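Peer 1: Dumping the structure here so I can ask a few things about it.
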Amino acid sequence: MAKTEIRVGGLGGQGVILCGSIIGKAAAIHGGKHATLIQAFGPEARGSACSAQVTVSDDVIGYPYVKNPDILVLMSQDAFNQFIPQLKPGGMVLYEAELVKPDGKLPEGVRAMGVPATRFAEELGRRLVLNIVMVGFFAGVTGLLPFEAVEKAVLDSVPRGTEELNLKALKKGYDFGREQAV
Amino acid sequence: MAKTEIRVGGLGGQGVILCGSIIGKAAAIHGGKHATLIQAFGPEARGSACSAQVTVSDDVIGYPYVKNPDILVLMSQDAFNQFIPQLKPGGMVLYEAELVKPDGKLPEGVRAMGVPATRFAEELGRRLVLNIVMVGFFAGVTGLLPFEAVEKAVLDSVPRGTEELNLKALKKGYDFGREQAV
Amino acid sequence: MSDDQQRKGRGTVFVKEEVCKGCSYCIDFCPTHALEFAREFNAKGYHYPVLGRPDDCTGCDNCGLYCPDFAIYGARWKDIDEKKKAK
Amino acid sequence: MSDDQQRKGRGTVFVKEEVCKGCSYCIDFCPTHALEFAREFNAKGYHYPVLGRPDDCTGCDNCGLYCPDFAIYGARWKDIDEKKKAK
Amino acid sequence: MHADPKGVLTGVHFIDGDHAACEGALAAGCRFVAGYPITPSTEIVERFAHRIPKVGGVFIQMEDELAASIAIQGAVWGGQKVMNVTSGPGLSLMMEHLGYAFITETPCVWIDVQRCGPSTGMPTGPAQHDMMQVKWGSHGDFQIIALCPNSPQECFDFTIRAFNMAETWRVPVFLMMDEVVGHMTERVDIPEASEIEVVERKWTKKKPGEYKVYETTPEDPVPEMVKAGDGYRIHVTGLTHNEKGYPDMTVPNQERMLGRLIGKITQNAHKLVDVREDGVEGADVVVVSYGITSRVAMAAVEQARAKGAKVGSARLVIAWPFPAERMKEIARTAKVFVVPEMNMGQMVQEVERAVAGAAKVVSVPHAGGSVHEVDTILNAIMEAAR
Amino acid sequence: MHADPKGVLTGVHFIDGDHAACEGALAAGCRFVAGYPITPSTEIVERFAHRIPKVGGVFIQMEDELAASIAIQGAVWGGQKVMNVTSGPGLSLMMEHLGYAFITETPCVWIDVQRCGPSTGMPTGPAQHDMMQVKWGSHGDFQIIALCPNSPQECFDFTIRAFNMAETWRVPVFLMMDEVVGHMTERVDIPEASEIEVVERKWTKKKPGEYKVYETTPEDPVPEMVKAGDGYRIHVTGLTHNEKGYPDMTVPNQERMLGRLIGKITQNAHKLVDVREDGVEGADVVVVSYGITSRVAMAAVEQARAKGAKVGSARLVIAWPFPAERMKEIARTAKVFVVPEMNMGQMVQEVERAVAGAAKVVSVPHAGGSVHEVDTILNAIMEAAR
Amino acid sequence: MSLLMDQSAEELECGMDNPVLPFLRKDRIPHIWCPGCGIGTTVNSFCRALGDSGMDLDKIAIVSGIGCTGRTAGYLNLDSFHTTHGRAIPFATGLKLANPDLKVVVYSGDGDLTAIGGNHFMHAARRNMDIMVVCINNFTYGMTGGQVAPTTPLGPTQTTMPFGNFESSFNLPFLADACGAVYVARWTVYHVRQLAKAMKEGLQKKGFVFIEAMAPCPTLYSRRNRLGDGVDQVKYFKERSTIKNGVDTKDVGLTYQGDIVVGKFVDRDRPTWMDSMNDHFGKVLGDKYETYGAHHG
Amino acid sequence: MSLLMDQSAEELECGMDNPVLPFLRKDRIPHIWCPGCGIGTTVNSFCRALGDSGMDLDKIAIVSGIGCTGRTAGYLNLDSFHTTHGRAIPFATGLKLANPDLKVVVYSGDGDLTAIGGNHFMHAARRNMDIMVVCINNFTYGMTGGQVAPTTPLGPTQTTMPFGNFESSFNLPFLADACGAVYVARWTVYHVRQLAKAMKEGLQKKGFVFIEAMAPCPTLYSRRNRLGDGVDQVKYFKERSTIKNGVDTKDVGLTYQGDIVVGKFVDRDRPTWMDSMNDHFGKVLGDKYETYGAHHG
Ligand SMILES: Cc1ncc(C[n+]2csc(CCOP(=O)(O)OP(=O)(O)O)c2C)c(N)n1
Ligand SMILES: Cc1ncc(C[n+]2csc(CCOP(=O)(O)OP(=O)(O)O)c2C)c(N)n1
Ligand code: SF4
Ligand code: SF4
Ligand code: SF4
Ligand code: SF4
């Protein structure tokens with residue numbers, strides 16, 4: 001029973017949930033797997049931390065929570081500080097390289113890779129697509145899901161008229177990820 | 001355990017409940033007895049029949065309902081028709097003589113006495129005091145309660161400024177009752 | 001009112017005595033003051049209206065318009081006759 | 001601001017950088033356009049205001065009146081000095 | 001503390017349960033009512049409106065029950081003792097504010113003069129239809145106390161008791177009347193003020209700096225109170241909150257807060273329950289009843305005894321918290337519980353749960369609109385006694 | 001009857017429970033929603049507002065929950081299938097209209113996405129706090145049906161089922177979601193319209209003169225329906241009424257009416273209950289759970305089995321009517337029932353009552369705000385299995 | 001069983017019957033209202049309006065809340081709904097939107113509509129929901145025994161204002177106007193013909209129509225305040241009323257037994273909620289949008 | 001634990017501190033509001049008003065309902081009550097009547113006060129209850145994620161009006177006026193000084209005071225409708241506002257990004273509910289009546 005547990009964390013407004021949702025959708029609809037996404041709000045509906053828990057599995061998923069993620073996707077320092085202790089030994093951390101400073105706080109045996117997602121997004125013309133860059137980066141580094149599945153999931157999920165921009169962002173992250181993954 | 005059960009019946013606006021209430025108050029407060037008064041509305045709050053159940057007893061009253069009254073005090077034909085079947089064998093019926101026509105519908109062995117309460121009340125200047133005439137009549141005929149107790153109960157119960165009129169009505173009914181009772 | 005009955009005014013009223021609650025609307029707002037209370041009570045103890053001055057009744061149905069209990073209405077002989085014929 | 005510091009305008013501002021959410025109210029509604037965004041982020045990732053043109057600050061506290069986060073206020077040197085003395 | 005003589009109408013009265021409950025409230029120190037009329041409870045607020053100007057206090061008729069049930073809570077935090085008076089349909093509209101009173105620990109008394117439902121039902125008919133509603137009707141977990149008077153005298157006495165319990169425990173306390181008790185007139189003795197024990201609000205003696213609005217000790221789960229205007233600058237919220245009254249929406253804090261709030265009642269249930277028993281020892285059949293039904297039931301019990309049955313009566317003076325422990329004990333000797341209620345079977349479910357199979361439990365339901373016939377209960381008893 | 005393809009979004013979706021429930025409603029033929037936003041249910045009405053213009057129907061955001069919960073009932077009598085969507089605080093405001101829907105037999109579906117209470121509590125936190133409220137929260141006696149989905153797919157499927165039950169029984173049917181199920185995203189398969197079974201309203205075939213709005217037969221306690229505008233000139237009231245729908249406020253009629261209304265559910269409970277069992281035969285310990293907790297519980301059950309315990313799981317797909325008979329049966333073999341719930345112990349009381357002492361019943365409460373830790377349930381199971 | 005309202009021998013002979021009977025549920029009469037209660041007279045006017053409007057009675061529905069007036073729904077021979085206290089308007093909203101074929105009339109008391117139901121009143125007027133609201137204003141809560149209402153003027157005694165009312169009351173036409181009603185009129189039980197005409201106009205008007213009908217409650221308002229019986233109150237209406245059509249609603253506030261301004265105050269047009277919806281979706285969604293309610297009459 | 005709002009070294013040195021801090025619960029800041037949310041600015045103005053009024057802060061209580069604005073109660077260093085959705089006004093009514101010493105301020109959102117809370121708003125204004133109501137109008141339901149409100153003008157998209165709003169909105173000052181408020185003003189977040197002044201006047205005024213403060217909700221209103229950020233919305237307020245004190249409230253309705261009339265529209269006097277009660281009972285009951293609240297400050 002292959003099962004991968006992912007935690008995506010960041011701040012409200014960064015598109016954290018959508019990032020998790022695209023991963024889940026890619027797996028569940030286009031990747032032939034089962035996936036469950038749990039959104040976690042902070043105690044306040046507004047202005048606070050925000051995270052998504054994604055379980056991707058070959059089998060039906062019962063318990064849907066991610067207690068000890070295999071993979072962390074982190075877009076803020078707060079999220080980094082909060083979730084690093086939960087990471088599975090030997091797990092993987094993907095982070096926004098300009099907003100998160102691992103600063104030696106990484107447990108041993110953990111693979112950590114950064115991507116300047118916000119800068120890439122700004123370069124593409126819209127800061128907002130930073131989460132799609134992260135998705136691409138995730139896909140590129142982990143190889144958990146076929147690129148096509150992720151591509152379709154992105155197309156399904158973004159507002160009409162923004163497809164091209166988003167695919168560019170995806171590709172950018174993906175390519176950057178592939179390089180790192182080597 | 002001496003216990004007397006009374007049902008007062010009539011139409012909304014005739015002062016049926018107050019009539020029952022004065023009897024109960026006379027017994028409970030000024031007559032040294034226990035008394036319980038239950039008001040019964042028709043299914044509609046407005047414009048329909050209305051009755052009171054009064055239990056007067058030497059002992060504490062448990063079950064407060066009057067199923068088979070010893071005494072009926074009736075101010076409308078509808079009330080007469082409805083309550084006569086419930087009367088205890090050998091019971092007593094006091095009725096408004098111009099609004100109720102017993103017309104031979106009385107069970108055998110029943111004592112029935114009428115009083116033209118409305119006419120008396122009109123003579124005294126206010127139709128409204130017909131219920132006080134009925135109270136006086138009740139007191140006069142039954143002798144269940146000392147006149148003074150009833151008098152006090154009336155004074156406790158009527159609006160200020162109307163005491164004299166009401167006492168006259170009471171006396172009128174009482175005297176008429178004493179005559180009949182002989 | 002049968003044909004043979006004396007027809008005094010231009011119209012008349014129909015009263016459902018047992019439904020009347022004796023509110024006096026019809027009586028007080030009859031433009032020609034043709035109605036008055038019966039001396040009798042109905043079963044509920046109310047006086048109901050009677051056409052005391054039939055000469056004055058125009059059958060205008062003002063009583064009918066006012067009656068809160070739908071216990072009375074007026075009609076013109078003209079219309080009554082038509083109805084009768086239509087039957 | 002220590003006494004020794006250069007006093008350019010008639011007043012200055014105090015900023016709680018970590019409380020600021022970078023909304024730009026203070027900057028846009030500063031009557032003399034004395035404020036500008038810092039290049040740095042605070043911990044939450046917001047740019048906060050700095051007194052870019054201290055010469056122009058009058059200490060009018062307009063920034064303070066507008067700030068939705070209570071993260072900035074202005075004061076005149078005059079008043080600051082009084083406070084200092086009062087201490 | 002004794003009652004303030006101003007509100008106490010000492011003397012002997014022949015009044016109905018509604019009026020008596022109002023006098024109880026006045027005697028207990030209630031000085032603010034926000035009401036909305038509804039049969040058969042209206043007389044309570046009508047009397048209050050009439051009495052209060054001379055006693056010193058305020059009655060206001062609000063635009064609806066939503067307003068009434070929260071205005072009283074504002075008044076509590078303004079320093080007054082208050083009550084909330086209604087009947088079924090109105091009570092249904094107050095459910096959100098029941099939860100608010102519970103979570104904010106706002107001491108208040110709720111009188112429900114039960115009429116026959118569901119929905120508009122039979123507005124002038126009696127029922128005991130809302131027993132479960134007061135226990136469960138607001139969203140979220142909560143606890144209340146509920147007393148069931150069966151006479152005007154008890155309406156007076158129990159209203160005072162309800163106010164005292166509300167101040168002691170800081171939970172909403174219900175007086176579960178019904179149309180019969182509300183409109184039944186009997187002698188009511190109102191003693192001298194000096195003979196009426198009244199529980200004062202648990203005012204803090206702490207200074208503003210030291211005081212936290214929901215601070216408690218392990219020994220005493222009920223926090224001390226202040227009122228607005230006294231300089232404490234309190235914060236009160238319906239959100240999950242901490243000792244300071246500030247929102248603190250974390251699972252551990254929710255556990256702590258709710259645990260204490262619920263525990264106030266569940267852990268003190270033994271102090272709160274009140275069952276009036278008559279001949280329960282040695283009885284084969286025990287009739288469990290409350291409110292007006294207890295008087296009807298007693299008539300049946302007496303008739304059954306006259307017929308030789310060994311019958312006891314256990315009357316729930318306090319229905320909530322339910323006296324589960326006592327029921328369990330009784331079940332050790334009794335064989336059958338007979339539970340007549342003016343509803344389709346509500347408190348009987350609690351009896352069943354408490355008894356847990358140790359005795360048979362027979363429900364004697366009634367759809368409402370009148371009390372039971374004595375015979376109906378009698379037959380159930382005789383059947384059970386066989 | 002099959003679903004109208006217009007409302008059916010056939011295909012594979014990755015959506016959360018809120019969105020799935022909305023699609024279920026559309027597939028079931030719901031064409032009118034009057035809503036009022038409240039976390040965590042709002043997405044359901046937001047999606048409905050977005051979808052309905054192209055499906056043919058109306059969404060209206062009302063001024064409050066009181067309005068929303070009665071507007072839908074007006075719409076039912078105007079001929080539409082409707083739903084009512086809310087969460088705890090809103091639900092508390094709808095309690096009067098729950099009773100109205102019950103007494104008037106207005107078929108409608110109520111979705112409660114449960115959040116953490118009491119009162120405002122933790123608006124974004126999950127709970128199963130309202131299980132008793134939907135059963136008892138309106139004044140007077142009444143009955144409802146309640147389903148508990150544990151996944152977005154079930155939110156879709158059970159919403160359709162809820163609509164079908166509402167039309168079949170003419171009682172309010174609740175979909176008891178919770179914040180987790182509402183906001184959890186998974187794959188949801190929506191079949192072709194032709195594969196979706198939809199129960200049509202029980203329209204009468206009688207002519208205006210022959211039809212009585214609440215006439216039933218001994219065989220079928222559910223009356224036939226018409227809509228306003230069809231010439232039947234019906235009267236509908238929340239008062240105690242007779243077959244014609246006219247007020248008839250007498251005790252015998254109250255008995256007749258309420259008896260039938262309550263009986264629709266209590267006498268047909270065996271047709272309605274739905275318990276999903278896993279390894280209950282031969283189990284020493286049976287975990288009874290519902291909603292999202294059933295998924296957490298299952299994880300604990302599996303771990304307990306791995307440790308050698310004989311554990312079964314009984315999941316309440318339908319919580320109301322409660323499967324008391326089945327619980328009694330299970331109690332013949334099982335020794336302990338373990339009942340984890342995201343509340344301080346609600347449905348566990350029903351288990352206790354049903355089991356009546358025949359087995360031990362262990363409550364595993366949770367104050368709300370998150371699901372149970374698997375270990376908490378596991379420990380309770382292992383403790384019970386000892 | 002023969003009904004009290006069945007034709008008498010006399011009527012049978014002439015083929016006459018009370019012209020309002022086709023609009024009433026004969027088997028429900030006599031009604032519960034007190035002698036001299038004005039509600040019945042307004043219902044009488046409403047029956048005339050139904051007749052005069054020439055509309056298909058199968059397509060008119062009536063919705064009431066709870067109260068003496070609220071019982072009206074039960075007496076009219078229409079599809080009729082007796083809902084909960086204060087909620088007639090939102091029920092009517094659902095009914096109308098679900099079946100746009102219907103003309104929906106709300107008929108209820110002043111307490112029902114403007115105390116507990118005030119919010120719905122406001123919002124339905126704002127939305128210009130296509131319903132006609134008839135408010136019987138008897139200045140009191142009749143059904144519950146005469147408590148103060150938001151319409152009780154300063155002065156009179158009510159059970160919850162036992163020493164006389166000291167709380168300001170609403171000017172209902174002004175309120176309806178400020179919230180956006182398209183038709184606002186006030187008449188009294190004295191003005192039976194005008195009231196019937198207003199009701200007829202209201203039935204034929206699209207949008208939120210508000211008609212206030214002042215009526216005596218002899219039992220709990222008039223007699224309690226020594227104003228005599230119902231008929232005396234109607235005479236007061238007659239004597240102190242002035243018809244001022246089109247007057248600013250700001251100026252039609254009522255005082256205790258003071259002057260009364262009656263008339264049709266507002267009659268304007270603006271799109272109803274449903275028409276706005278249809279127009280808007282038509283514009284935004286274009287052909288994809290099928291006008292809602294179009295398949296209806 | 002040191003708080004973010006504690007004095008910095010720099011401030012300590014000069015003895016300076018943010019002038020609004022005495023009015024805030026420092027330990028609760030930073031607040032939950034989004035970047036550029038206008039609510040904070042109105043609270044800022046309210047703090048100034050508290051200071052300028054010179055009133056005893058121990059005698060001012062604040063009551064909020066539920067919503068983003070509703071959280072205000074939790075931030076102010078006053079006796080503060082965060083009640084239920086829509087019910088701040090009746091809670092405040094009870095609080096005020098129980099303790100007449102208090103000045104009671106209701107501070108809440110447009111949805112809270114005029115959608116679910118509309119009935120209480122209307123009736124408290126009618127009664128002239130002595131409370132000051134500050135309504136932060138951001139044209140949307142913030143807390144729940146941007147649904148249409150009764151204040152949303154025609155046009156903009158909201159989650160429950162996904163194709164643009166087609167439902168008419170209230171003109172709140174007109175409504176308050178029609179119901180009887182004695183002080184009615186509207187300002188925007190741009191008008192920080194005027195807003196503070198109005199709030200100060202409101203604090204000092206007796207009776208039902210209504211102040212509408214227009215504020216941006218960048219997260220759910222401005223950005224969703226491509227109107228930019230909070231600051232852009234404030235600039236719009238600046239550009240399109242005209243001050244018209246005393247103008248007829250009928251004429252101050254708002255449209256989508258259209259002209260805005262601001263100012264103090266109504267300032268009149270009439271007796272409050274409690275004063276009416278005291279006067280009335282004094283007259284009717286004479287010496288037997290002890291003026292309620294007289295023993296209070
Ligand atoms: C929720 C609820 N609250 C209160 C009541 C009690 N109640 C019934 S009618 C009524 C007032 C009726 O007054 P109004 O609307 O003026 O009508 P009227 O009886 O005068 O015609 C009240 C308060 C109720 N039925 N439901
Ligand atoms: C009874 C109830 N219904 C619904 C809600 C959900 N709710 C919370 S705040 C809110 C609306 C807030 O909007 P507004 O009053 O305009 O304030 P804002 O958030 O925009 O400041 C709603 C609908 C609730 N908490 N309680
Ligand atoms: S108006 Fe009608 S009810 Fe009144 S007296 Fe005339 S007939 Fe009778
Ligand atoms: S106004 Fe305040 S929050 Fe906004 S940028 Fe300036 S300091 Fe920061
Ligand atoms: S109480 Fe008043 S309103 Fe009600 S029926 Fe009687 S007279 Fe009419
Ligand atoms: S959602 Fe809107 S109103 Fe709420 S805090 Fe954010 S910007 Fe302010």
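How things are named: the first chain in the structure tokens is A, the next is B, and so on; residues count from 1 in each chain; ligands count from 1 in the order shown.
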As a list in words, please: the residues near stretch 154-170 of chain F (cut-off 6 Å, only C-alpha atoms, same-chain neighbours under 2 positions excluded).

Peer 2: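 Skipping anything fewer than 2 positions along the chain leaves Gly17, Ala20, Ala21, Gly24, Ala25, Ala28, Glu105, Thr106, Pro107, Cys108, Pro149, Ser151, Pro152, Val173, Val199 and Arg201 of chain F.
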
Peer 1: Those same residues - N, CA, C and O atoms - I'd like them written as a PDB file, in the first residue's frame.

Peer 2:
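Output file part-v8.pdb is given in full below:
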```pdb
ATOM      1  N   GLY F  17     -16.672  18.150   0.488  1.00  0.00           N
ATOM      2  CA  GLY F  17     -17.994  17.676   0.876  1.00  0.00           C
ATOM      3  C   GLY F  17     -19.078  18.712   0.688  1.00  0.00           C
ATOM      4  O   GLY F  17     -20.204  18.385   0.300  1.00  0.00           O
ATOM      5  N   ALA F  20     -19.843  18.801  -2.943  1.00  0.00           N
ATOM      6  CA  ALA F  20     -20.473  17.537  -3.347  1.00  0.00           C
ATOM      7  C   ALA F  20     -21.935  17.510  -2.895  1.00  0.00           C
ATOM      8  O   ALA F  20     -22.814  17.044  -3.630  1.00  0.00           O
ATOM      9  N   ALA F  21     -22.199  18.014  -1.695  1.00  0.00           N
ATOM     10  CA  ALA F  21     -23.576  18.028  -1.198  1.00  0.00           C
ATOM     11  C   ALA F  21     -24.447  18.893  -2.106  1.00  0.00           C
ATOM     12  O   ALA F  21     -25.594  18.553  -2.411  1.00  0.00           O
ATOM     13  N   GLY F  24     -25.233  16.957  -5.075  1.00  0.00           N
ATOM     14  CA  GLY F  24     -26.244  15.954  -4.734  1.00  0.00           C
ATOM     15  C   GLY F  24     -27.633  16.555  -4.766  1.00  0.00           C
ATOM     16  O   GLY F  24     -28.576  15.975  -5.312  1.00  0.00           O
ATOM     17  N   ALA F  25     -27.745  17.740  -4.201  1.00  0.00           N
ATOM     18  CA  ALA F  25     -29.044  18.406  -4.161  1.00  0.00           C
ATOM     19  C   ALA F  25     -29.537  18.697  -5.575  1.00  0.00           C
ATOM     20  O   ALA F  25     -30.703  18.447  -5.912  1.00  0.00           O
ATOM     21  N   ALA F  28     -30.673  15.632  -7.181  1.00  0.00           N
ATOM     22  CA  ALA F  28     -31.936  15.151  -6.611  1.00  0.00           C
ATOM     23  C   ALA F  28     -33.122  15.997  -7.044  1.00  0.00           C
ATOM     24  O   ALA F  28     -34.268  15.668  -6.738  1.00  0.00           O
ATOM     25  N   GLU F 105     -45.874  18.637   7.520  1.00  0.00           N
ATOM     26  CA  GLU F 105     -45.387  17.581   6.623  1.00  0.00           C
ATOM     27  C   GLU F 105     -44.857  18.159   5.312  1.00  0.00           C
ATOM     28  O   GLU F 105     -45.250  17.737   4.222  1.00  0.00           O
ATOM     29  N   THR F 106     -44.013  19.129   5.475  1.00  0.00           N
ATOM     30  CA  THR F 106     -43.386  19.794   4.348  1.00  0.00           C
ATOM     31  C   THR F 106     -42.057  19.097   4.046  1.00  0.00           C
ATOM     32  O   THR F 106     -41.138  19.177   4.849  1.00  0.00           O
ATOM     33  N   PRO F 107     -41.963  18.387   2.936  1.00  0.00           N
ATOM     34  CA  PRO F 107     -40.722  17.653   2.682  1.00  0.00           C
ATOM     35  C   PRO F 107     -39.560  18.601   2.426  1.00  0.00           C
ATOM     36  O   PRO F 107     -39.644  19.463   1.559  1.00  0.00           O
ATOM     37  N   CYS F 108     -38.495  18.453   3.200  1.00  0.00           N
ATOM     38  CA  CYS F 108     -37.347  19.314   2.968  1.00  0.00           C
ATOM     39  C   CYS F 108     -36.096  18.705   3.585  1.00  0.00           C
ATOM     40  O   CYS F 108     -36.173  17.928   4.523  1.00  0.00           O
ATOM     41  N   PRO F 149     -22.775  11.368   6.512  1.00  0.00           N
ATOM     42  CA  PRO F 149     -21.758  11.006   5.525  1.00  0.00           C
ATOM     43  C   PRO F 149     -20.362  11.140   6.128  1.00  0.00           C
ATOM     44  O   PRO F 149     -20.157  11.912   7.061  1.00  0.00           O
ATOM     45  N   SER F 151     -17.546  11.196   3.788  1.00  0.00           N
ATOM     46  CA  SER F 151     -16.652  11.544   2.678  1.00  0.00           C
ATOM     47  C   SER F 151     -17.405  12.423   1.696  1.00  0.00           C
ATOM     48  O   SER F 151     -18.635  12.441   1.694  1.00  0.00           O
ATOM     49  N   PRO F 152     -16.693  13.145   0.858  1.00  0.00           N
ATOM     50  CA  PRO F 152     -17.375  13.940  -0.172  1.00  0.00           C
ATOM     51  C   PRO F 152     -18.287  13.084  -1.049  1.00  0.00           C
ATOM     52  O   PRO F 152     -19.402  13.507  -1.382  1.00  0.00           O
ATOM     53  N   VAL F 173     -35.464  15.955   6.742  1.00  0.00           N
ATOM     54  CA  VAL F 173     -34.360  14.994   6.731  1.00  0.00           C
ATOM     55  C   VAL F 173     -33.052  15.774   6.830  1.00  0.00           C
ATOM     56  O   VAL F 173     -32.810  16.703   6.057  1.00  0.00           O
ATOM     57  N   VAL F 199     -36.821  10.141  -6.055  1.00  0.00           N
ATOM     58  CA  VAL F 199     -38.218   9.949  -5.665  1.00  0.00           C
ATOM     59  C   VAL F 199     -38.994  11.226  -5.952  1.00  0.00           C
ATOM     60  O   VAL F 199     -38.650  12.304  -5.465  1.00  0.00           O
ATOM     61  N   ARG F 201     -42.168  13.778  -5.823  1.00  0.00           N
ATOM     62  CA  ARG F 201     -43.145  14.149  -4.800  1.00  0.00           C
ATOM     63  C   ARG F 201     -44.381  13.294  -5.006  1.00  0.00           C
ATOM     64  O   ARG F 201     -44.731  12.935  -6.131  1.00  0.00           O
TER      65      ARG F 201
END
```

Peer 1: Using only C-alpha atoms and all ligand atoms, what are the residues with an atom within 6 Å of ligand 4, set out as a list in words?

Peer 2: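 Selection of residues at most 6 Å from ligand 4: Cys20, Lys21, Gly22, Cys23, Ser24, Tyr25, Cys26, Tyr48, Pro49, Tyr66, Cys67, Pro68, Asp69, Ala71 and Ile72 of chain D.
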
Peer 1: Output the contact residues of chain G with respect to chain C at a cut-off of 7 Å, based on only C-alpha atoms, as a PyMOL selection string.

Peer 2: chain G and resi 4+10+14-16+18+30+35-41+44-45+192+231

Peer 1: As a PyMOL selection string, please: all residues of stretch 115-146 of chain F that backbone DSSP puts in alpha helix (DSSP H).

Peer 2: chain F and resi 131-136

Peer 1: With all heavy atoms retained, write the just-selected residues as a short mmCIF file (atom, residue, chain, number, x, y, z; two decimals), in the first residue's frame.

Peer 2:
```cif
data_model
loop_
_atom_site.label_atom_id
_atom_site.label_comp_id
_atom_site.auth_asym_id
_atom_site.auth_seq_id
_atom_site.Cartn_x
_atom_site.Cartn_y
_atom_site.Cartn_z
N MET F 131 -26.05 16.58 17.28
CA MET F 131 -26.78 15.34 17.02
C MET F 131 -28.08 15.29 17.82
O MET F 131 -29.12 14.86 17.31
CB MET F 131 -25.90 14.14 17.38
CG MET F 131 -24.62 14.02 16.57
SD MET F 131 -24.87 14.00 14.78
CE MET F 131 -25.82 12.47 14.59
N MET F 132 -28.02 15.73 19.05
CA MET F 132 -29.22 15.73 19.88
C MET F 132 -30.11 16.92 19.55
O MET F 132 -31.33 16.85 19.66
CB MET F 132 -28.83 15.79 21.36
CG MET F 132 -28.36 14.46 21.90
SD MET F 132 -29.71 13.25 21.90
CE MET F 132 -28.96 11.91 22.81
N GLN F 133 -29.50 18.01 19.16
CA GLN F 133 -30.30 19.19 18.84
C GLN F 133 -31.29 18.90 17.72
O GLN F 133 -32.45 19.33 17.79
CB GLN F 133 -29.40 20.36 18.45
CG GLN F 133 -30.18 21.65 18.24
CD GLN F 133 -29.35 22.76 17.65
OE1 GLN F 133 -28.33 22.53 17.01
NE2 GLN F 133 -29.77 23.98 17.88
N VAL F 134 -30.85 18.21 16.68
CA VAL F 134 -31.79 17.98 15.57
C VAL F 134 -32.91 17.03 15.99
O VAL F 134 -33.99 17.05 15.43
CB VAL F 134 -31.08 17.44 14.31
CG1 VAL F 134 -30.06 18.46 13.81
CG2 VAL F 134 -30.42 16.08 14.55
N LYS F 135 -32.65 16.24 17.00
CA LYS F 135 -33.68 15.32 17.49
C LYS F 135 -34.66 16.00 18.44
O LYS F 135 -35.83 15.64 18.48
CB LYS F 135 -32.97 14.16 18.21
CG LYS F 135 -33.88 13.14 18.87
CD LYS F 135 -34.47 12.17 17.87
CE LYS F 135 -35.10 10.96 18.54
NZ LYS F 135 -36.47 11.21 18.96
N TRP F 136 -34.17 16.96 19.20
CA TRP F 136 -34.98 17.50 20.29
C TRP F 136 -35.12 19.02 20.30
O TRP F 136 -35.76 19.57 21.20
CB TRP F 136 -34.36 17.10 21.64
CG TRP F 136 -34.34 15.65 21.93
CD1 TRP F 136 -33.23 14.85 22.02
CD2 TRP F 136 -35.46 14.79 22.21
NE1 TRP F 136 -33.59 13.56 22.34
CE2 TRP F 136 -34.95 13.49 22.45
CE3 TRP F 136 -36.85 15.00 22.27
CZ2 TRP F 136 -35.78 12.41 22.75
CZ3 TRP F 136 -37.66 13.91 22.56
CH2 TRP F 136 -37.13 12.64 22.79
#
```
